[in-house]
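What follows is the content of input_30.csv, which has CSV, C-alpha atoms:
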chain,number,residue,atom,x,y,z
A,5,MET,CA,0.0,0.0,0.0
A,6,THR,CA,1.1,3.6,-0.4
A,7,LYS,CA,2.7,5.9,2.2
A,8,ARG,CA,-0.3,8.2,1.7
A,9,MET,CA,-2.7,5.4,3.0
A,10,ALA,CA,-0.3,4.7,5.9
A,11,ALA,CA,-0.4,8.4,6.9
A,12,ARG,CA,-4.2,8.5,6.7
A,13,GLY,CA,-4.7,5.6,9.1
A,14,LEU,CA,-1.4,5.4,10.8
A,15,VAL,CA,-1.7,1.7,10.0
A,16,ALA,CA,0.8,0.4,7.4
A,17,LEU,CA,-1.2,-2.3,5.9
A,18,LEU,CA,1.8,-4.0,4.2
A,19,LEU,CA,2.1,-7.3,2.5
A,20,MET,CA,3.6,-10.2,4.3
A,21,VAL,CA,6.8,-10.8,2.4
A,22,PRO,CA,9.8,-13.1,3.2
A,23,VAL,CA,12.6,-11.3,5.1
A,24,VAL,CA,15.7,-11.2,2.9
A,25,GLY,CA,19.1,-9.9,3.5
A,26,ALA,CA,18.5,-9.6,7.2
A,27,ARG,CA,21.0,-10.1,10.0
A,28,ALA,CA,21.6,-13.8,10.7
A,29,ALA,CA,20.4,-14.4,14.2
A,30,GLU,CA,22.1,-17.4,15.9
A,31,SER,CA,20.1,-18.0,19.1
A,32,GLY,CA,18.5,-21.2,17.8
A,33,ASN,CA,15.1,-20.1,19.0
A,34,ALA,CA,13.0,-19.7,15.9
A,35,VAL,CA,10.6,-17.1,17.3
A,36,PHE,CA,13.4,-14.9,18.7
A,37,ASP,CA,15.4,-15.2,15.6
A,38,ARG,CA,12.5,-14.2,13.4
A,39,VAL,CA,11.9,-11.1,15.5
A,40,VAL,CA,15.5,-10.1,15.1
A,41,ASP,CA,15.3,-10.6,11.3
A,42,ILE,CA,12.1,-8.6,10.9
A,43,VAL,CA,13.4,-5.7,13.0
A,44,HIS,CA,16.5,-5.6,10.8
A,45,GLN,CA,14.6,-5.3,7.6
A,46,ARG,CA,11.5,-3.3,8.6
A,47,PHE,CA,12.2,-1.1,11.7
A,48,TYR,CA,11.7,2.5,10.8
A,49,ALA,CA,15.0,3.8,12.3
A,50,PRO,CA,18.1,2.0,11.0
A,51,ALA,CA,20.3,4.1,13.3
A,52,ALA,CA,18.8,2.2,16.2
A,53,LEU,CA,20.0,-1.2,15.0
A,54,ALA,CA,23.5,-1.0,16.4
A,55,ALA,CA,22.1,-0.7,20.0
A,56,PHE,CA,19.5,-3.3,19.1
A,57,ASP,CA,22.3,-5.8,18.1
A,58,GLN,CA,24.1,-5.2,21.3
A,59,ALA,CA,20.9,-6.0,23.2
A,60,VAL,CA,20.5,-9.2,21.1
A,61,THR,CA,24.0,-10.3,21.9
A,62,ALA,CA,23.7,-9.5,25.6
A,63,THR,CA,20.3,-11.2,25.8
A,64,MET,CA,21.5,-14.4,24.2
A,65,ALA,CA,24.5,-14.4,26.6
A,66,GLU,CA,22.1,-13.9,29.6
A,67,HIS,CA,19.8,-16.8,28.4
A,68,PRO,CA,22.0,-19.7,27.4
A,69,ASP,CA,18.9,-21.9,27.4
A,70,LEU,CA,17.2,-19.7,24.8
A,71,ALA,CA,17.7,-22.1,21.9
A,72,ALA,CA,15.9,-24.9,23.7
A,73,ALA,CA,13.1,-22.7,25.2
A,74,ALA,CA,9.6,-23.2,24.0
A,75,ALA,CA,7.9,-20.4,22.1
A,76,GLY,CA,5.5,-19.8,24.9
A,77,SER,CA,8.0,-20.0,27.7
A,78,PRO,CA,8.9,-17.1,30.0
A,79,VAL,CA,12.5,-17.3,28.7
A,80,THR,CA,11.4,-16.6,25.1
A,81,ARG,CA,9.0,-13.9,26.2
A,82,ASP,CA,11.5,-12.1,28.4
A,83,ALA,CA,14.2,-12.3,25.7
A,84,ILE,CA,12.0,-10.8,23.0
A,85,ASP,CA,10.6,-8.2,25.3
A,86,THR,CA,14.1,-7.1,26.3
A,87,VAL,CA,15.4,-6.7,22.7
A,88,LEU,CA,12.3,-4.9,21.5
A,89,ALA,CA,12.5,-2.5,24.5
A,90,SER,CA,16.0,-1.5,23.4
A,91,LEU,CA,14.4,0.1,20.3
A,92,ASN,CA,12.6,2.6,22.6
A,93,ALA,CA,9.7,2.9,20.2
A,94,SER,CA,5.9,2.6,20.5
A,95,HIS,CA,4.0,0.2,18.3
A,96,THR,CA,6.7,-2.4,18.9
A,97,HIS,CA,5.7,-5.4,20.9
A,98,ARG,CA,4.9,-9.1,20.7
A,99,PHE,CA,1.4,-10.4,21.5
A,100,VAL,CA,0.4,-13.9,22.2
A,101,GLN,CA,-2.9,-15.8,21.9
A,102,SER,CA,-3.7,-15.6,25.6
A,103,GLN,CA,-4.0,-11.8,25.4
A,104,LEU,CA,-7.0,-9.7,24.4
A,105,ASP,CA,-4.6,-7.4,22.5
A,106,TYR,CA,-3.7,-10.2,20.2
A,107,TYR,CA,-7.2,-10.6,18.9
A,108,GLU,CA,-7.9,-6.8,18.7
A,109,LEU,CA,-4.7,-6.1,16.9
A,110,THR,CA,-4.8,-9.1,14.6
A,111,ASP,CA,-8.2,-7.8,13.5
A,112,VAL,CA,-6.6,-4.3,12.9
A,113,PHE,CA,-3.9,-5.8,10.7
A,114,ARG,CA,-6.0,-8.5,9.1
A,115,TYR,CA,-5.0,-7.3,5.6
A,116,ALA,CA,-1.3,-7.6,6.3
A,117,LEU,CA,-2.0,-11.1,7.7
A,118,ARG,CA,-4.5,-12.1,5.2
A,119,ARG,CA,-2.7,-15.2,3.9
A,120,ASN,CA,-2.9,-16.8,7.3
A,121,MET,CA,-6.3,-15.6,8.5
A,122,ARG,CA,-8.4,-18.6,7.5
A,123,ARG,CA,-5.9,-20.9,9.2
A,124,LEU,CA,-5.8,-18.8,12.3
A,125,PHE,CA,-9.6,-18.3,12.5
A,126,PRO,CA,-11.4,-21.0,10.6
A,127,PRO,CA,-13.5,-21.3,8.5
A,128,ASP,CA,-13.8,-17.8,7.1
A,129,GLY,CA,-10.8,-16.0,8.6
A,130,GLU,CA,-12.9,-13.6,10.7
A,131,VAL,CA,-11.3,-12.8,14.0
A,132,ARG,CA,-13.4,-13.8,17.0
A,133,TYR,CA,-12.9,-14.6,20.6
A,134,ASP,CA,-15.2,-15.6,23.5
A,135,GLY,CA,-15.5,-12.8,25.9
A,136,ILE,CA,-17.7,-10.3,27.8
A,137,GLY,CA,-16.4,-6.9,26.4
A,138,ILE,CA,-14.0,-5.7,29.0
A,139,ALA,CA,-10.3,-4.8,29.1
A,140,THR,CA,-8.2,-5.3,32.3
A,141,GLN,CA,-5.0,-4.3,33.9
A,142,VAL,CA,-2.9,-5.9,36.7
A,143,ILE,CA,-2.1,-3.2,39.3
A,144,ASP,CA,-0.1,-4.2,42.4
A,145,GLY,CA,-0.8,-7.8,41.7
A,146,LYS,CA,-4.6,-7.3,41.4
A,147,VAL,CA,-6.7,-7.5,38.3
A,148,PHE,CA,-8.9,-4.4,37.7
A,149,VAL,CA,-11.5,-3.7,35.0
A,150,THR,CA,-10.2,-0.7,33.1
A,151,ASP,CA,-12.8,-0.6,30.2
A,152,VAL,CA,-16.3,-1.9,29.8
A,153,TYR,CA,-17.3,-1.6,26.1
A,154,ASP,CA,-20.7,0.1,25.8
A,155,GLY,CA,-23.5,-2.3,24.8
A,156,ALA,CA,-21.3,-5.4,25.4
A,157,PRO,CA,-22.4,-8.3,27.8
A,158,ALA,CA,-20.4,-6.9,30.7
A,159,TRP,CA,-21.9,-3.4,30.3
A,160,ARG,CA,-25.4,-5.0,30.2
A,161,ALA,CA,-24.6,-6.9,33.4
A,162,ALA,CA,-23.5,-3.7,35.1
A,163,VAL,CA,-19.8,-4.6,35.5
A,164,LYS,CA,-18.0,-1.3,36.2
A,165,PRO,CA,-14.6,0.2,35.5
A,166,GLY,CA,-12.6,-0.1,38.6
A,167,ASP,CA,-14.0,-3.5,39.7
A,168,GLU,CA,-11.4,-5.9,41.0
A,169,ILE,CA,-11.9,-9.3,39.4
A,170,LEU,CA,-11.3,-12.0,42.1
A,171,SER,CA,-12.3,-15.0,40.0
A,172,VAL,CA,-14.4,-16.3,37.0
A,173,ASP,CA,-16.3,-19.5,37.5
A,174,GLY,CA,-14.3,-20.1,40.6
A,175,ALA,CA,-10.9,-19.9,38.9
A,176,PRO,CA,-8.3,-17.1,38.6
A,177,PHE,CA,-9.1,-14.7,35.8
A,178,THR,CA,-7.3,-14.7,32.5
A,179,GLU,CA,-8.2,-12.4,29.6
A,180,ILE,CA,-9.0,-15.1,27.1
A,181,GLY,CA,-8.9,-18.4,29.0
A,182,SER,CA,-11.6,-17.5,31.5
A,183,PHE,CA,-14.2,-17.3,28.7
A,184,ARG,CA,-12.9,-19.7,26.0
A,185,GLY,CA,-15.6,-22.1,24.8
A,186,LYS,CA,-18.3,-20.5,26.9
A,187,ALA,CA,-20.1,-18.4,24.3
A,188,GLY,CA,-23.8,-18.4,25.0
A,189,LYS,CA,-23.3,-19.5,28.6
A,190,LEU,CA,-23.2,-17.5,31.8
A,191,ALA,CA,-19.9,-16.8,33.5
A,192,GLU,CA,-19.9,-16.1,37.3
A,193,LEU,CA,-17.6,-13.2,38.1
A,194,ARG,CA,-16.6,-12.6,41.7
A,195,LEU,CA,-15.8,-8.8,42.0
A,196,ARG,CA,-14.8,-6.4,44.7
A,197,ARG,CA,-16.2,-2.9,44.0
A,198,THR,CA,-14.6,-1.0,46.9
A,199,ALA,CA,-11.3,-1.5,48.6
A,200,ASP,CA,-12.8,-2.7,51.9
A,201,GLY,CA,-16.1,-4.0,50.4
A,202,ALA,CA,-17.3,-7.6,50.5
A,203,PRO,CA,-17.1,-9.6,47.2
A,204,ILE,CA,-20.1,-9.5,45.0
A,205,THR,CA,-21.2,-12.0,42.3
A,206,VAL,CA,-22.2,-10.9,38.8
A,207,ASN,CA,-23.4,-13.3,36.1
A,208,VAL,CA,-22.5,-12.3,32.6
A,209,GLN,CA,-23.4,-14.0,29.4
A,210,VAL,CA,-20.4,-14.8,27.3
A,211,ALA,CA,-20.5,-13.9,23.6
A,212,SER,CA,-18.5,-14.6,20.5
A,213,LEU,CA,-17.0,-11.1,19.9
A,214,GLN,CA,-15.7,-9.8,16.6
A,215,PRO,CA,-13.3,-6.9,17.6
A,216,SER,CA,-14.1,-4.3,14.9
A,217,GLU,CA,-17.9,-5.0,15.2
A,218,THR,CA,-17.6,-4.7,19.0
A,219,PHE,CA,-15.9,-1.3,18.9
A,220,LEU,CA,-18.3,0.1,16.3
A,221,LYS,CA,-21.3,-1.0,18.4
A,222,ALA,CA,-19.7,0.4,21.5
A,223,ILE,CA,-19.1,3.8,19.9
A,224,ASP,CA,-22.7,3.9,18.7
A,225,ALA,CA,-24.0,2.8,22.1
A,226,SER,CA,-21.9,5.3,23.9
A,227,ALA,CA,-23.8,8.3,22.4
A,228,ARG,CA,-26.0,9.7,25.1
A,229,VAL,CA,-27.5,13.0,26.4
A,230,ILE,CA,-26.9,14.4,29.9
A,231,ASN,CA,-29.0,17.3,31.2
A,232,ARG,CA,-26.9,19.8,33.1
A,233,ASP,CA,-27.9,23.3,34.2
A,234,GLY,CA,-30.7,23.4,31.7
A,235,ARG,CA,-28.5,22.4,28.8
A,236,LYS,CA,-28.4,19.2,26.8
A,237,ILE,CA,-24.8,17.8,26.7
A,238,GLY,CA,-24.0,15.0,24.3
A,239,VAL,CA,-21.3,12.4,25.0
A,240,ILE,CA,-19.7,9.9,22.6
A,241,ARG,CA,-16.7,7.7,23.1
A,242,LEU,CA,-14.4,6.8,20.3
A,243,TRP,CA,-13.2,3.4,21.5
A,244,SER,CA,-11.1,2.9,18.4
A,245,TYR,CA,-10.8,4.6,15.0
A,246,THR,CA,-9.3,1.6,13.2
A,247,SER,CA,-12.5,1.0,11.1
A,248,GLY,CA,-12.1,4.4,9.6
A,249,GLU,CA,-15.0,5.3,7.4
A,250,ALA,CA,-17.4,3.2,9.6
A,251,VAL,CA,-16.5,5.3,12.6
A,252,THR,CA,-16.9,8.6,10.7
A,253,GLY,CA,-20.3,7.2,9.5
A,254,ILE,CA,-21.5,6.7,13.1
A,255,LEU,CA,-20.4,10.2,14.0
A,256,TYR,CA,-22.3,11.6,11.0
A,257,ASP,CA,-25.4,9.6,11.8
A,258,GLN,CA,-25.4,10.6,15.5
A,259,ILE,CA,-24.7,14.3,14.8
A,260,GLY,CA,-27.1,14.5,11.8
A,261,GLU,CA,-30.2,12.5,13.0
A,262,GLY,CA,-29.3,10.5,16.0
A,263,ARG,CA,-29.2,11.1,19.8
A,264,LEU,CA,-26.7,14.0,19.4
A,265,LYS,CA,-28.7,15.9,16.9
A,266,ASP,CA,-30.3,18.4,19.2
A,267,VAL,CA,-27.7,18.7,22.0
A,268,ASP,CA,-26.3,22.1,22.9
A,269,GLY,CA,-22.7,20.9,23.1
A,270,LEU,CA,-20.6,17.7,22.9
A,271,VAL,CA,-18.0,15.9,25.0
A,272,LEU,CA,-15.8,13.8,22.7
A,273,ASP,CA,-14.2,11.0,24.7
A,274,LEU,CA,-10.9,10.0,23.0
A,275,ARG,CA,-9.9,7.6,25.8
A,276,GLY,CA,-9.8,4.6,23.5
A,277,ARG,CA,-8.2,1.2,23.1
A,278,TRP,CA,-6.4,1.9,19.8
A,279,GLY,CA,-5.7,4.7,17.4
A,280,GLY,CA,-6.2,4.5,13.7
A,281,ALA,CA,-7.9,7.9,13.2
A,282,PRO,CA,-7.2,9.3,9.7
A,283,ALA,CA,-5.1,12.5,9.6
A,284,ASP,CA,-8.2,14.5,8.8
A,285,ALA,CA,-10.5,13.1,11.5
A,286,ALA,CA,-10.7,16.5,13.2
A,287,GLU,CA,-12.4,17.9,10.1
A,288,THR,CA,-15.7,16.6,11.4
A,289,PHE,CA,-15.4,18.9,14.4
A,290,VAL,CA,-13.3,21.9,13.4
A,291,GLY,CA,-13.3,21.8,9.6
A,292,GLY,CA,-14.7,24.5,7.4
A,293,SER,CA,-16.2,22.5,4.6
A,294,ALA,CA,-19.9,22.6,4.1
A,295,ASP,CA,-22.4,20.0,5.3
A,296,MET,CA,-23.7,17.8,2.6
A,297,ARG,CA,-26.6,15.4,2.5
A,298,MET,CA,-28.1,13.4,-0.4
A,299,VAL,CA,-31.8,12.6,-0.4
A,300,GLY,CA,-33.1,9.8,-2.6
A,301,ARG,CA,-36.5,9.6,-4.3
A,302,ASP,CA,-37.7,7.6,-1.3
A,303,GLY,CA,-36.8,10.4,1.0
A,304,ARG,CA,-33.9,8.6,2.6
A,305,GLU,CA,-31.0,10.8,3.6
A,306,ASP,CA,-27.4,10.0,3.2
A,307,PHE,CA,-25.0,12.1,5.3
A,308,VAL,CA,-22.1,12.7,2.9
A,309,ASN,CA,-20.4,15.4,4.9
A,310,GLU,CA,-21.6,16.3,8.4
A,311,ARG,CA,-19.9,18.9,10.5
A,312,TRP,CA,-20.2,19.8,14.2
A,313,HIS,CA,-20.9,23.5,14.7
A,314,LYS,CA,-21.5,23.7,18.4
A,315,PRO,CA,-19.2,23.9,21.5
A,316,LEU,CA,-17.0,20.9,22.0
A,317,VAL,CA,-14.7,19.6,24.8
A,318,ALA,CA,-12.6,16.4,24.5
A,319,VAL,CA,-11.3,13.9,27.1
A,320,ILE,CA,-7.9,12.4,26.8
A,321,ASP,CA,-5.6,10.1,28.8
A,322,GLU,CA,-2.8,7.6,28.3
A,323,GLY,CA,-5.1,5.4,26.3
A,324,THR,CA,-5.3,8.2,23.7
A,325,ARG,CA,-2.7,7.0,21.3
A,326,SER,CA,-1.4,7.0,17.7
A,327,GLY,CA,-4.0,8.4,15.3
A,328,MET,CA,-6.2,9.4,18.2
A,329,GLU,CA,-3.4,11.6,19.5
A,330,ILE,CA,-3.2,13.4,16.1
A,331,LEU,CA,-7.0,14.0,16.5
A,332,ALA,CA,-6.4,15.4,20.0
A,333,TYR,CA,-3.5,17.6,18.7
A,334,SER,CA,-5.7,19.0,15.9
A,335,LEU,CA,-8.6,19.7,18.3
A,336,LYS,CA,-6.3,21.5,20.7
A,337,LYS,CA,-4.7,23.5,17.8
A,338,ASN,CA,-8.1,24.7,16.9
A,339,GLY,CA,-9.0,25.8,20.4
A,340,VAL,CA,-10.9,22.8,21.7
A,341,PRO,CA,-10.2,22.3,25.4
A,342,LEU,CA,-8.8,18.9,26.4
A,343,VAL,CA,-9.6,17.5,29.8
A,344,GLY,CA,-8.0,14.5,31.6
A,345,ALA,CA,-4.4,13.3,31.5
A,346,ALA,CA,-1.5,13.4,29.0
A,347,THR,CA,-1.8,11.1,26.0
A,348,ALA,CA,0.5,8.2,25.4
A,349,GLY,CA,3.0,9.9,23.1
A,350,ASN,CA,2.8,6.8,20.8
A,351,VAL,CA,2.7,8.2,17.3
A,352,LEU,CA,4.4,5.9,14.7
A,353,ALA,CA,3.0,3.9,11.8
A,354,ALA,CA,3.1,0.2,12.3
A,355,THR,CA,2.2,-3.1,10.8
A,356,GLY,CA,1.8,-6.7,12.0
A,357,PHE,CA,3.9,-9.8,11.4
A,358,LEU,CA,3.0,-13.3,12.2
A,359,LEU,CA,5.8,-15.2,14.0
A,360,PRO,CA,6.5,-19.0,13.7
A,361,ASP,CA,4.3,-19.8,16.8
A,362,ASP,CA,1.4,-17.6,15.4
A,363,SER,CA,2.1,-14.9,17.9
A,364,LEU,CA,1.9,-11.3,16.6
A,365,LEU,CA,4.8,-8.9,16.2
A,366,LEU,CA,3.7,-5.3,16.1
A,367,LEU,CA,6.5,-3.2,14.6
A,368,ALA,CA,7.0,0.5,13.9
A,369,VAL,CA,7.8,0.8,10.2
A,370,ASP,CA,7.4,4.5,9.5
A,371,ASN,CA,8.1,7.8,11.4
A,372,VAL,CA,5.3,10.3,11.6
A,373,PHE,CA,5.5,14.1,11.6
A,374,VAL,CA,2.6,16.4,12.4
A,375,ASP,CA,3.1,20.0,11.5
A,376,SER,CA,6.7,19.0,11.0
A,377,LYS,CA,6.9,17.8,14.6
A,378,ARG,CA,7.2,14.3,16.1
A,379,LEU,CA,4.5,13.4,18.6
A,380,GLU,CA,6.3,10.2,19.4
A,381,GLY,CA,7.6,10.6,22.9
A,382,ASN,CA,5.8,14.0,23.2
A,383,PRO,CA,2.4,13.5,24.7
A,384,ILE,CA,-0.4,15.9,24.2
A,385,GLU,CA,-1.1,17.7,27.6
A,386,PRO,CA,-4.6,18.4,28.8
A,387,ASP,CA,-5.8,22.0,29.3
A,388,ILE,CA,-7.5,20.8,32.4
A,389,ALA,CA,-5.6,18.1,34.2
A,390,VAL,CA,-7.7,15.5,36.1
A,391,PRO,CA,-5.9,12.5,37.7
A,392,PHE,CA,-7.9,9.3,37.7
A,393,ASP,CA,-7.0,6.1,39.7
A,394,ILE,CA,-9.2,3.4,38.2
A,395,ARG,CA,-8.9,1.1,41.2
A,396,TYR,CA,-12.3,0.7,43.0
A,397,ALA,CA,-13.7,3.6,41.0
A,398,ASN,CA,-17.1,2.0,41.3
A,399,GLY,CA,-18.0,3.3,37.9
A,400,GLY,CA,-17.1,6.9,38.7
A,401,ASP,CA,-15.3,8.9,36.1
A,402,PRO,CA,-13.8,12.2,37.4
A,403,GLN,CA,-12.3,13.0,34.0
A,404,LEU,CA,-15.6,12.8,32.2
A,405,ASP,CA,-17.3,14.7,35.0
A,406,ALA,CA,-14.8,17.5,34.7
A,407,ALA,CA,-15.3,17.6,30.9
A,408,ILE,CA,-19.0,17.9,31.3
A,409,ALA,CA,-18.5,20.6,33.9
A,410,ALA,CA,-16.1,22.5,31.5
A,411,LEU,CA,-18.6,22.3,28.7
A,412,SER,CA,-21.5,23.4,30.9
A,413,ARG,CA,-19.4,26.5,31.8
A,414,ARG,CA,-18.7,27.2,28.2
A,415,LEU,CA,-22.4,26.9,27.3
A,416,GLY,CA,-23.3,29.2,30.2
A,417,SER,CA,-20.7,31.7,29.1
A,418,ALA,CA,-21.9,31.6,25.5
A,419,GLY,CA,-25.5,32.1,26.6
A,420,SER,CA,-24.7,35.2,28.6
A,421,ASP,CA,-22.9,37.0,25.8
Is it possible to express this structure as structure tokens?
Amino acid sequence: MTKRMAARGLVALLLMVPVVGARAAESGNAVFDRVVDIVHQRFYAPAALAAFDQAVTATMAEHPDLAAAAAGSPVTRDAIDTVLASLNASHTHRFVQSQLDYYELTDVFRYALRRNMRRLFPPDGEVRYDGIGIATQVIDGKVFVTDVYDGAPAWRAAVKPGDEILSVDGAPFTEIGSFRGKAGKLAELRLRRTADGAPITVNVQVASLQPSETFLKAIDASARVINRDGRKIGVIRLWSYTSGEAVTGILYDQIGEGRLKDVDGLVLDLRGRWGGAPADAAETFVGGSADMRMVGRDGREDFVNERWHKPLVAVIDEGTRSGMEILAYSLKKNGVPLVGAATAGNVLAATGFLLPDDSLLLLAVDNVFVDSKRLEGNPIEPDIAVPFDIRYANGGDPQLDAAIAALSRRLGSAGSD
């Protein structure tokens, strides 16, 4: 694909081609050696390869058992993590089948991996996993729910961000293993909602989830109206922009004729799972082009170009990354207040490579400049900083609350002029 397409989506959807002319790795571990070869041919910054080679040599010396280590062993995992960390780049990591990220990112890079998709996900090559629509993080040895996808089974069962997961069906929680093979069945989650609270039990129906479809439904389901100080404030969360035109279509529909049509102002929540926003994503909110609708003979309207013309506030945090950071940058440049915490500072173009054990290597393959500046390593700072410790939040969201308050103030100020 062209560099222009990579810039639009910050996703280099490149063909899977044999690595040729790469450095000959000699660890004897097929997965580790393949990672080294791919980095040598495709990593965006050749100047970093000397330090990378030093890390490879040191890692092999520190792990004399690397050659005999299984692909899924801690030895292989730690060795690969160490050498990739030496590159000091975002969009550069290995993901395995026991991680939620593996399925979501394999779906993002399905075109690059297309030759293997039917084998990985028979019979039709569509990425699916059994789950309930949550993301989690281990903090101080405890597992906490960080995200509950709007409209997903966990959301319908009132699982809340900040819940500590104690067990699933009586066993320790794992992201994929806890729900594998249980689609259509109930899973019993033991949760702790407050730090000193007694455990509670929540039954959630497990579903076969398709990542892109799940994100699109979550974005659409997140659109809602909050009445504050006599004003109607709309909220919508962009969980991921990796489906490009489909995400823009949801925004057009919601703004043009959906739940957000008659609101007085909008809170745009950019605290997502992944980036992928096209370079011109901000045009929907700050662009100067005209609205355009097409109406067929049956009266059906098609929103070709829909623009937001009312007050706007955006929410950001460390989950705002890649193309979503460029969107945040563009909004801030155009005077839109940002509320929350600093973004990830992860702005490189990447693609995915399948490794010999079917794990996924995400690798940065292109540098990215925005207004001739690198955002990689340079997070976008909020205009209104609001810290947020997710642990035992009990569904509370101080960042969103602060954004709603900021927008309410703007609306009140505008109304008094």
Task: Contacts of stretch 350-367 of chain A at 9 Å (all atoms listed in the file; same-chain gap of 2+ positions) as a count of residues only - done: 59
Open item on the list: Could you check the closest approach to A:Pro157 for each of A:Lys221, A:Arg196, A:Arg301, A:Lys314 and tell me which residue wins, using all atoms listed in the file?
Closed with: A:Lys221
Task: Atom pair atom CA of A:Ser212 / atom CA of A:Asp134: separation (Å) - done: 4.6 Å
Task: Given all atoms listed in the file as the counted atoms, nearest of A:Glu66, A:Asp224, A:Asp167, A:Asp393 to A:Leu255 - done: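 Answer, going by the shortest atom-to-atom distance: A:Asp224.
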- [ ] Give me, please, the distance in Å between atom CA of A:Pro165 and atom CA of A:Asp233, quoted to one decimal.
- [x] 26.7 Å
Task: Distance in Å - atom CA of A:Thr86 versus atom CA of A:Gly349 - done: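 Computing it gives 20.6 Å between the two atoms.
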Task: Distance query A:Val290 at most 12 Å, all atoms listed in the file, self and fewer than 5 positions along chain excluded, as a count of residues only - done: 20
Task: Among listed residues A:Arg277, A:Arg304, A:Phe289, A:Glu168, nearest A:Glu261 (using all atoms listed in the file) - done: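 The closest residue to A:Glu261 is A:Arg304.
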Open item on the list: Using all atoms listed in the file for the distances, tell me which of A:Val319, A:Asp57, A:Asp37, A:Asp387 is nearest to A:Pro402.
Closed with: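 Looking only at the distances to A:Pro402, the closest residue turns out to be A:Val319.
Proximity of A:Gly135, A:Gly269, A:Gly300, A:Gly260 to A:Leu213, computed with only C-alpha atoms, is greatest for A:Gly135.
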Contact residues around A:Val206 with all atoms listed in the file at 7 Å, ignoring same-chain residues under 6 positions, as a short mmCIF file (atom, residue, chain, number, x, y, z; two decimals) with C-alpha atoms, in the coordinates of the input:
data_model
loop_
_atom_site.label_atom_id
_atom_site.label_comp_id
_atom_site.auth_asym_id
_atom_site.auth_seq_id
_atom_site.Cartn_x
_atom_site.Cartn_y
_atom_site.Cartn_z
CA GLU A 192 -19.90 -16.10 37.30
CA LEU A 193 -17.60 -13.20 38.10
CA ARG A 194 -16.60 -12.60 41.70
#
- [ ] Just give me the residues with any atom within 7 Å of (-16.7, -11.4, 29.0), file coordinates, counting only C-alpha atoms, written as a ChimeraX atom specification.
- [x] /A:135-138,157-158,183,208,210
- [ ] Would you please work out which residue, of A:Leu242, A:Leu170, A:Val299, A:Val131, is nearest to A:Ala202 when using only C-alpha atoms?
- [x]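 Looking at the shortest contact to A:Ala202, the residue is A:Leu170.
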